[in-house]
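The next block holds one structure in the form of C-alpha cells; read it before the comments.
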Amino acid sequence: MSTASPGFRNRLCVFICSLLPVIGEAWASGLEEIGPCTYIATEWADGDSFLVKLPDGKEHVFRLYFVDCIEQTVSDTNDKRRLREQSRYFGVSNYLTAVEHGKKAAAFTAAALSQPFTIHTAYADARGRSGKPRYYAFVRTSEGRDLGHLLVENGLARAFGLGRETPTATSRDEWDAYLKDLELVAAIGRKGIWGHSDAGQIVAMRKEEREEMRGLEAIDDALVVAPPSEPVDVNTAAIEDLMRAGLRESLADAVVRKRPFAKIEDLLDVKGIGPATFKKVRPYLIVISAPAAKAAP
C-alpha cells in the first residue's frame, strides 16, 4: 500500500497530466518507419514527389525532405516561373535541357525505388499548389541509401527545401550542410544537370532571377485581391488561398515549405514575414491542424 499522502498524490497527478500535451506533441512529431513500400508509376511523378503504396495497401503522395528536382512538366505560369528559377540556379539557359534533366531525375527515382523501400515520415503537410494531400518524408532504398542524397550526388537535384532531423538523428542544419557540400562536388564534377551549367554566367543568372522576383513581388503587393470570406487553415491551405489572405507568392511558397505551424504566431518565423505583414494577414489565417494532431492516417 502506498504511504504517500493524498495531497502529494494529487500534486503528482497534476504534474504528470501537465506533461501529457508535451509528450504527445513530441511523439506525434517523431518519424514513423514504414516498409516495405512500393513505388506506383504515374504521369505526374517527378524525382522528389511520387505516389507510394504502403504495406497496408493505402496510397499516399510523398515529397522528399531537403531536395528539389527540376520540373519535368510545365502546365501553367507558376510552373514556368519555377522552371525558370531552377534553370537559373543551375546556370542553364536552355529550358529544354532543364526539363530533360527533370525527366532524368524522375526516371532515376523510379529505378531506385523499383525494389521495396522504406519511408520515414511524420506526416508533415507538403501539399503544393493543387492543395492535394502530400507528406514530407525521407526515403531509404532497398540498398539502404537515402534517395535525396543519391539525387544530389548525381546532379539531379539541388539541396533546397524543408528539412528536419534525419532518421539517424543527424540535425537539420548538419544534414543540409552535408547535402550542399555534395551539391558542390557534383557541380565541380559536372554531373547531371551541372554538366550543362554555364559557370561564367551563373552569378548573373541568379542575380537576374532575384531582381525579377522582386519585381513580381512588387506587383503582388500592388494588386488588390479579394480576401477569403472566412479564415483558412495555414497548415492545409493551397498557395492560392494564402495569397488571397495577403501573402505574396514567394512568401506563400515559403509558408508551405515551413509548415506545419503549432500556432499562428509561428508565421513570424518565416523569413520575410515581419510584424506588418503578419498584422495584414492575421484576420484571414488560422491554425486548425496543429502539429500535435498530425498522426498517420
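Identifiers in this document derive from the order of the C-alpha cells: chains are assigned A, B, ..., residues are numbered from 1 separately in each chain, and ligands are numbered from 1 in order of occurrence.
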
Among segment 36-216 of chain A, which residues does DSSP mark as helix (DSSP H, G or I) when it is run on the backbone? Keep the chain and numbering as in the structure and answer as an MDAnalysis selection string.
chainID A and resid 77:90 95:112 147:153 172:188 192:196 202:216

Which residues are near Asp241 of chain A? Cut-off 12 Å, only C-alpha atoms, ignore same chain within fewer than 3 positions. Put them as a PyMOL selection string.
chain A and resi 128-131+225-238+244-249+252-253+255-256+281+284-285

So how many Å separate atom CA of Gly47 of chain A and atom CA of Gly200 of chain A, to one decimal?
27.7 Å

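If only C-alpha atoms are the atoms counted, then among A:Glu143, A:Asp48, A:Asp56, A:Glu32 the closest residue to Gly102 of chain A is A:Asp48.
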
Ala157 of chain A: which residues within 10 Å, counting only C-alpha atoms, same-chain residues fewer than 4 positions away excluded, as a PyMOL selection string?
chain A and resi 47-48+66-70+86+90+101-102+105+148-153+183+186+192-194

Need to verify the contact set: Asp269 of chain A, 10 Å, only C-alpha atoms, exclusion of same-chain residues closer than 4 positions in sequence. Can you return it as JSON, numbers by chain?
{"A": [255, 258, 261, 265, 273, 274]}

Per DSSP on the backbone, what are the strand (DSSP E or B) residues of segment 46-257 of chain A, as a ChimeraX atom specification?
/A:49-53,59-64,67-68,117-121,125,135-140,146,158-159,232-233

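Comparing A:Ala124, A:Arg88, A:Cys37, A:Ile239 by their smallest distance to Ser142 of chain A, the closest is A:Cys37 (using only C-alpha atoms).
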
Rank nothing, just name the residue among A:Thr121, A:Val74, A:Lys104, A:Ala110 nearest to His60 of chain A, using only C-alpha atoms.
A:Thr121

At a cut-off of 9 Å, can you tabulate as JSON lines every residue of segment 122-190 of chain A near segment 112-116 of chain A together with its closest atom pair and the distance in Å to one decimal, using only C-alpha atoms and ordering rows by chain then number?
{"residue": "A:Arg140", "atom": "CA", "partner": "A:Leu113", "partner_atom": "CA", "distance": 8.8}
{"residue": "A:Thr141", "atom": "CA", "partner": "A:Leu113", "partner_atom": "CA", "distance": 6.1}
{"residue": "A:Ser142", "atom": "CA", "partner": "A:Pro116", "partner_atom": "CA", "distance": 5.9}
{"residue": "A:Leu147", "atom": "CA", "partner": "A:Ala112", "partner_atom": "CA", "distance": 7.7}

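The coordinates place atom CA of Arg164 of chain A at 26.4 Å from atom CA of Arg282 of chain A.
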
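Atom CA of Lys191 of chain A to atom CA of Leu179 of chain A spans 14.7 Å [interatomic distance, one decimal].
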